[in-house]
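Structure below is final.txt: compact mmCIF, C-alpha atoms.
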```txt
# COMPACT_ATOMS: atom_id res chain seq x y z
CA MET S 26 -46.76 -57.00 -7.47
CA ARG S 27 -47.99 -53.99 -5.49
CA ARG S 28 -48.81 -54.18 -1.83
CA ILE S 29 -51.98 -52.42 -0.71
CA LEU S 30 -52.63 -51.53 2.91
CA PHE S 31 -56.04 -50.63 4.30
CA ILE S 32 -55.31 -48.66 7.45
CA ILE S 33 -58.21 -48.45 9.88
CA LEU S 34 -57.48 -45.73 12.38
CA SER S 35 -60.05 -45.75 15.14
CA SER S 36 -59.19 -49.26 16.27
CA ALA S 37 -55.78 -49.00 14.62
CA LEU S 38 -56.11 -52.26 12.75
CA PHE S 39 -55.05 -52.99 9.21
CA PHE S 40 -55.37 -55.48 6.36
CA ILE S 41 -52.42 -56.26 4.11
CA GLY S 42 -52.78 -57.77 0.67
CA ASN S 43 -51.03 -58.20 -2.66
CA ILE S 44 -52.51 -57.63 -6.09
CA HIS S 45 -51.58 -57.89 -9.75
CA ALA S 46 -52.68 -54.61 -11.30
CA GLN S 47 -54.27 -56.36 -14.26
CA VAL S 48 -56.33 -58.85 -12.22
CA ALA S 49 -59.57 -58.02 -10.37
CA THR S 50 -58.50 -59.56 -7.07
CA SER S 51 -60.29 -59.10 -3.77
CA ASP S 52 -57.88 -56.32 -2.79
CA SER S 53 -58.52 -54.35 -5.97
CA LEU S 54 -62.29 -54.78 -5.51
CA VAL S 55 -62.05 -53.45 -1.97
CA MET S 56 -59.87 -50.56 -3.07
CA HIS S 57 -62.49 -49.66 -5.68
CA TYR S 58 -65.18 -49.79 -2.97
CA LEU S 59 -63.18 -47.52 -0.67
CA GLN S 60 -62.64 -45.00 -3.46
CA GLN S 61 -66.38 -44.98 -4.16
CA GLN S 62 -66.95 -44.17 -0.47
CA GLY S 63 -64.65 -41.15 -0.72
CA ILE S 64 -61.89 -42.75 1.38
CA PRO S 65 -58.48 -41.32 0.43
CA VAL S 66 -56.18 -43.66 -1.50
CA THR S 67 -52.57 -42.75 -2.28
CA ALA S 68 -49.93 -44.67 -4.21
CA ASN S 69 -46.71 -42.83 -3.35
CA ASN S 70 -45.84 -44.42 0.00
CA GLU S 71 -43.23 -46.54 1.69
CA VAL S 72 -44.34 -48.61 4.70
CA LYS S 73 -42.34 -50.39 7.37
CA LEU S 74 -44.21 -52.85 9.58
CA LEU S 75 -43.12 -52.79 13.21
CA MET S 76 -43.91 -56.22 14.59
CA SER S 77 -43.30 -55.64 18.30
CA GLY S 78 -43.42 -52.96 20.94
CA ARG S 79 -39.65 -52.82 21.09
CA GLU S 80 -39.46 -52.21 17.32
CA LYS S 81 -42.13 -49.54 17.47
CA PHE S 82 -40.60 -47.49 20.27
CA LEU S 83 -37.01 -47.76 19.00
CA ASP S 84 -38.11 -46.60 15.56
CA LEU S 85 -40.39 -43.84 16.86
CA PHE S 86 -37.85 -42.40 19.29
CA GLU S 87 -35.17 -42.34 16.59
CA GLU S 88 -37.38 -40.42 14.16
CA ILE S 89 -38.43 -37.98 16.90
CA ARG S 90 -34.75 -37.23 17.54
CA HIS S 91 -34.45 -36.09 13.91
CA ALA S 92 -37.58 -33.86 13.93
CA LYS S 93 -36.94 -30.32 12.69
CA HIS S 94 -40.27 -28.45 12.82
CA HIS S 95 -43.11 -30.27 14.57
CA ILE S 96 -44.17 -33.49 16.29
CA HIS S 97 -47.86 -34.36 16.59
CA LEU S 98 -49.11 -37.23 18.75
CA GLU S 99 -52.69 -38.49 19.14
CA TYR S 100 -53.26 -41.51 21.39
CA PHE S 101 -56.05 -43.16 23.32
CA ASN S 102 -53.76 -42.98 26.33
CA PHE S 103 -50.25 -42.28 27.54
CA ARG S 104 -49.71 -44.70 30.44
CA ASN S 105 -47.69 -42.98 33.15
CA ASP S 106 -44.75 -45.40 33.10
CA SER S 107 -41.13 -45.53 31.97
CA ILE S 108 -41.83 -45.43 28.22
CA ALA S 109 -44.10 -42.38 28.54
CA ASN S 110 -41.65 -40.64 30.85
CA ALA S 111 -38.80 -41.27 28.40
CA LEU S 112 -40.98 -40.01 25.56
CA PHE S 113 -41.89 -36.77 27.34
CA ASP S 114 -38.23 -36.25 28.28
CA LEU S 115 -37.28 -36.56 24.61
CA LEU S 116 -40.13 -34.30 23.50
CA ALA S 117 -39.03 -31.66 26.02
CA GLU S 118 -35.53 -31.79 24.51
CA LYS S 119 -37.04 -31.20 21.05
CA VAL S 120 -38.99 -28.21 22.39
CA GLN S 121 -35.68 -26.72 23.57
CA GLU S 122 -34.42 -27.13 19.98
CA GLY S 123 -37.38 -25.08 18.73
CA VAL S 124 -39.58 -27.97 17.56
CA GLU S 125 -43.34 -27.60 18.06
CA VAL S 126 -44.82 -30.49 20.07
CA ARG S 127 -48.56 -31.16 20.32
CA ALA S 128 -50.06 -34.18 22.07
CA LEU S 129 -53.70 -35.23 22.27
CA PHE S 130 -55.12 -38.03 24.44
CA ASP S 131 -58.57 -39.40 25.17
CA ALA S 132 -60.08 -38.51 28.54
CA PHE S 133 -61.75 -41.89 28.99
CA GLY S 134 -58.62 -43.72 27.82
CA ASN S 135 -56.66 -41.90 30.49
CA TRP S 136 -59.32 -42.42 33.18
CA SER S 137 -59.58 -46.17 32.47
CA ASN S 138 -55.80 -46.56 32.61
CA ASN S 139 -54.41 -47.85 35.92
CA LYS S 140 -51.46 -45.44 35.58
CA PRO S 141 -53.16 -42.27 34.30
CA LEU S 142 -51.70 -38.85 33.70
CA LYS S 143 -53.00 -36.77 36.60
CA LYS S 144 -53.29 -33.00 36.86
CA HIS S 145 -49.83 -32.54 38.34
CA HIS S 146 -48.31 -34.76 35.62
CA LEU S 147 -49.99 -32.67 32.92
CA LYS S 148 -48.83 -29.44 34.54
CA ALA S 149 -45.24 -30.72 34.62
CA ILE S 150 -45.45 -31.71 30.95
CA ARG S 151 -46.88 -28.33 29.93
CA ASP S 152 -44.25 -26.50 32.01
CA ARG S 153 -41.66 -28.09 29.71
CA GLY S 154 -43.22 -26.48 26.65
CA ILE S 155 -45.22 -29.45 25.39
CA GLU S 156 -48.80 -28.66 24.42
CA ILE S 157 -50.92 -31.55 25.69
CA VAL S 158 -54.72 -31.59 25.43
CA LYS S 159 -57.42 -33.94 26.69
CA PHE S 160 -60.04 -35.03 24.15
CA ASP S 161 -63.66 -34.78 25.37
CA PRO S 162 -63.17 -34.37 29.14
CA ILE S 163 -65.59 -36.55 31.11
CA THR S 164 -68.31 -34.48 32.78
CA PHE S 165 -71.79 -35.22 34.12
CA PRO S 166 -73.78 -37.01 32.77
CA TRP S 167 -70.85 -39.36 32.15
CA ILE S 168 -72.84 -41.78 29.99
CA ASN S 169 -73.01 -39.14 27.25
CA HIS S 170 -69.29 -39.62 26.69
CA ALA S 171 -69.11 -43.42 26.70
CA MET S 172 -69.17 -43.95 22.92
CA HIS S 173 -67.67 -40.61 21.89
CA ARG S 174 -64.05 -41.67 22.16
CA ASP S 175 -60.84 -41.16 20.23
CA HIS S 176 -59.06 -44.50 19.84
CA ARG S 177 -56.60 -43.28 17.23
CA LYS S 178 -52.88 -43.89 17.55
CA ILE S 179 -51.17 -41.35 15.29
CA VAL S 180 -47.79 -39.65 15.24
CA VAL S 181 -46.79 -37.19 12.50
CA ILE S 182 -43.24 -35.84 12.33
CA ASP S 183 -42.54 -32.79 10.15
CA GLY S 184 -45.48 -33.72 7.93
CA LYS S 185 -43.31 -36.37 6.26
CA ILE S 186 -43.26 -39.41 8.55
CA GLY S 187 -46.32 -40.95 10.15
CA TYR S 188 -46.99 -43.78 12.57
CA THR S 189 -50.19 -45.66 13.25
CA GLY S 190 -51.24 -49.11 14.38
CA GLY S 191 -52.40 -50.85 17.51
CA MET S 192 -50.12 -49.51 20.23
CA ASN S 193 -50.64 -46.70 22.69
CA ILE S 194 -47.74 -45.47 24.84
CA ALA S 195 -47.13 -48.09 27.54
CA ASP S 196 -44.43 -50.41 28.87
CA TYR S 197 -46.61 -53.49 28.55
CA TYR S 198 -46.19 -53.57 24.77
CA ILE S 199 -42.63 -54.64 25.61
CA THR S 200 -42.84 -56.24 29.05
CA GLY S 201 -46.35 -57.71 29.02
CA LEU S 202 -48.73 -57.68 31.98
CA PRO S 203 -48.61 -59.93 35.07
CA LYS S 204 -52.15 -61.31 34.67
CA ILE S 205 -52.05 -61.54 30.88
CA GLY S 206 -48.47 -62.29 29.92
CA GLN S 207 -46.80 -61.11 26.73
CA TRP S 208 -48.71 -58.58 24.65
CA HIS S 209 -48.49 -58.87 20.88
CA ASP S 210 -49.46 -55.87 18.78
CA MET S 211 -48.24 -54.26 15.58
CA HIS S 212 -47.57 -50.78 14.31
CA MET S 213 -46.25 -49.18 11.14
CA ARG S 214 -44.18 -46.27 9.93
CA ILE S 215 -45.37 -44.52 6.78
CA GLU S 216 -43.42 -42.17 4.56
CA GLY S 217 -45.27 -40.64 1.63
CA ASP S 218 -48.48 -39.00 0.52
CA ALA S 219 -50.68 -40.85 3.05
CA VAL S 220 -48.98 -38.90 5.84
CA ARG S 221 -50.85 -35.81 4.64
CA TYR S 222 -54.13 -37.51 5.57
CA LEU S 223 -52.84 -38.53 9.00
CA GLN S 224 -51.80 -34.92 9.50
CA GLY S 225 -55.22 -33.66 8.40
CA ILE S 226 -56.98 -36.04 10.80
CA PHE S 227 -54.78 -34.90 13.69
CA LEU S 228 -55.09 -31.18 13.00
CA THR S 229 -58.86 -31.37 12.55
CA MET S 230 -59.21 -32.92 16.00
CA TRP S 231 -56.59 -30.64 17.55
CA ASN S 232 -58.16 -27.44 16.25
CA GLN S 233 -61.60 -28.65 17.28
CA GLU S 234 -60.50 -29.29 20.85
CA THR S 235 -58.22 -26.27 21.31
CA LYS S 236 -60.06 -23.70 19.14
CA GLN S 237 -56.68 -23.00 17.56
CA HIS S 238 -56.11 -22.66 13.81
CA VAL S 239 -52.96 -24.67 13.25
CA GLY S 240 -52.38 -25.39 9.57
CA GLY S 241 -50.75 -24.22 6.36
CA PRO S 242 -48.12 -25.47 3.91
CA VAL S 243 -45.42 -26.00 6.52
CA TYR S 244 -47.51 -28.85 7.98
CA PHE S 245 -48.16 -30.38 4.53
CA PRO S 246 -44.81 -30.35 2.73
CA ASP S 247 -44.32 -31.74 -0.76
CA ILE S 248 -43.37 -35.43 -0.79
CA PRO S 249 -40.77 -36.67 -3.32
CA GLN S 250 -41.96 -39.28 -5.82
CA LEU S 251 -40.87 -42.78 -4.81
CA PRO S 252 -39.62 -45.38 -7.32
CA ASP S 253 -42.40 -47.69 -8.55
CA SER S 254 -40.43 -50.65 -7.20
CA ILE S 255 -41.04 -49.60 -3.59
CA ALA S 256 -44.15 -47.39 -3.81
CA GLU S 257 -47.18 -48.82 -1.99
CA GLU S 258 -50.85 -47.89 -2.12
CA ILE S 259 -52.53 -46.98 1.14
CA ALA S 260 -56.20 -46.41 1.90
CA ILE S 261 -56.90 -44.77 5.24
CA VAL S 262 -60.25 -45.55 6.88
CA ASP S 263 -60.99 -43.16 9.72
CA ARG S 264 -63.92 -43.08 12.13
CA THR S 265 -64.66 -39.61 13.37
CA PRO S 266 -66.51 -39.66 16.72
CA ARG S 267 -70.25 -38.94 16.24
CA GLU S 268 -69.81 -38.41 12.49
CA THR S 269 -68.86 -41.64 10.69
CA PRO S 270 -69.74 -44.45 13.13
CA ARG S 271 -70.04 -47.23 10.51
CA SER S 272 -67.08 -46.47 8.25
CA ILE S 273 -64.83 -49.11 9.77
CA SER S 274 -67.40 -51.88 10.00
CA HIS S 275 -68.42 -51.24 6.40
CA ALA S 276 -64.79 -51.48 5.29
CA TYR S 277 -64.41 -54.78 7.14
CA ALA S 278 -67.61 -56.12 5.61
CA ALA S 279 -66.51 -55.13 2.11
CA SER S 280 -63.12 -56.78 2.63
CA ILE S 281 -64.58 -60.01 3.97
CA GLY S 282 -67.26 -60.11 1.30
CA ALA S 283 -64.70 -59.79 -1.49
CA ALA S 284 -62.37 -62.48 -0.12
CA GLN S 285 -61.44 -65.17 -2.66
CA HIS S 286 -58.99 -67.45 -0.86
CA SER S 287 -58.57 -66.67 2.84
CA ILE S 288 -59.39 -64.22 5.63
CA GLN S 289 -56.82 -63.42 8.30
CA ILE S 290 -57.74 -61.22 11.25
CA VAL S 291 -55.38 -59.95 13.94
CA ASN S 292 -57.47 -58.09 16.51
CA PRO S 293 -57.31 -58.02 20.32
CA TYR S 294 -60.98 -57.00 20.52
CA PHE S 295 -62.74 -59.38 18.11
CA VAL S 296 -66.31 -58.70 19.22
CA PRO S 297 -68.30 -58.34 15.98
CA THR S 298 -71.81 -56.97 16.01
CA LYS S 299 -74.77 -59.22 15.21
CA SER S 300 -74.91 -57.93 11.64
```
Can you present the structure in this file as structure tokens?
Amino acid sequence: MRRILFIILSSALFFIGNIHAQVATSDSLVMHYLQQQGIPVTANNEVKLLMSGREKFLDLFEEIRHAKHHIHLEYFNFRNDSIANALFDLLAEKVQEGVEVRALFDAFGNWSNNKPLKKHHLKAIRDRGIEIVKFDPITFPWINHAMHRDHRKIVVIDGKIGYTGGMNIADYYITGLPKIGQWHDMHMRIEGDAVRYLQGIFLTMWNQETKQHVGGPVYFPDIPQLPDSIAEEIAIVDRTPRETPRSISHAYAASIGAAQHSIQIVNPYFVPTKS
């Protein structure tokens, strides 16, 4: 049995399925479809599902402590609360150790957050050596920016370990919200070849926004081959703002259309289009 994960980055949702390699199951049909669409598929990966906010942040903080060269973070928002403050404290410590730290957040995600990072917060973060950049700052006419958003949740550590899933940086993934209650979301840690694609997605957006030219072999190190008994295939489906608006919906449609036994959806924003 080989587990296949279809990771959908813009909304940070994912499907998980099992296949027998010799049987044309729904998962193998979808994987074939994704490959035909030019979506990267890699087989040399190990994945750990993080089923709660507490699991996600404990795991993430521990891996950040072990970073040696760089830490890249791309989120819809960093809510200005205790988790974010603890994260920036830890990142500042890593900067003092000589680790490069780059963070990217969405301007609208920050603006729509009831505890946003304000100018003085950003200045304080940058004064500690952390490069932090706002994606697509909101300017007049504001409506032009409404759909051009970056909902990704990506962390890449030393080009070897990646995180993605449904969680931004906020306390409520652990504590819940007064008017809503407990908040259930999931995340995952990836080690393996798929991390190269998460890194490429981050650096493309980073270089576009900053006009820098960050790249090279040090950000894409060789990944050791994993034993077949634990190696997992991953297909990453990314939606680039203004460029590939239908990639995620098409991947969902292909998955649902190929289903043979059941369809399970975990999604806090289940608002499908008419089609």
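Of the listed residues (S:Thr298, S:Ser77, S:Gln61, S:Thr50), S:Ser77 comes nearest to Tyr198 in chain S; the distances count all atoms listed in the file.
Each of S:Leu251, S:Leu228, S:Leu54, S:Leu59 was compared to Ala276 in chain S using only C-alpha atoms, and S:Leu59 turns out to be the nearest.
Minimum atom-to-atom distances from S:Glu234, S:Tyr197, S:Ile288, S:Val262 to Gln60 in chain S were compared using only C-alpha atoms, and the lowest value belongs to S:Val262.
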**OP:** Using only C-alpha atoms, find the one residue out of S:Val124, S:Ala260, S:Met230, S:Val181 that sits nearest to His97 in chain S.
**Re:** S:Val181
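For the pair CA of Val72 in chain S and CA of Lys119 in chain S, the separation is 25.0 Å.
In this model, the gap between CA of His91 in chain S and CA of Val120 in chain S comes to 12.4 Å.
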Subject >> Spatial neighbours of range 204-217 of chain S, max dist 7 Å, only C-alpha atoms, sep filter under 2 positions, as an MDAnalysis selection string >> reply: chainID S and resid 69:77 81 185:192 197:198 200:202 219:220 248
With 4 Å on each side, where is the centre of the axis-aligned box around all listed atoms of range 83-90 of chain S, and how long are its edges in Å to one decimal, as AutoDock Vina command-line options?
```
--center_x -37.6 --center_y -42.5 --center_z 16.7 --size_x 13.6 --size_y 18.5 --size_z 13.1
```
**OP:** Please measure the separation of CA of Tyr222 in chain S and CA of Phe86 in chain S, giving the value in Å to one decimal.
**Re:** 21.8 Å
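For the residues S:Phe133, S:Gln62, S:Asn138, S:Ile199, ranking by smallest atom-to-atom distance to Ile108 in chain S using all atoms listed in the file places S:Ile199 first.
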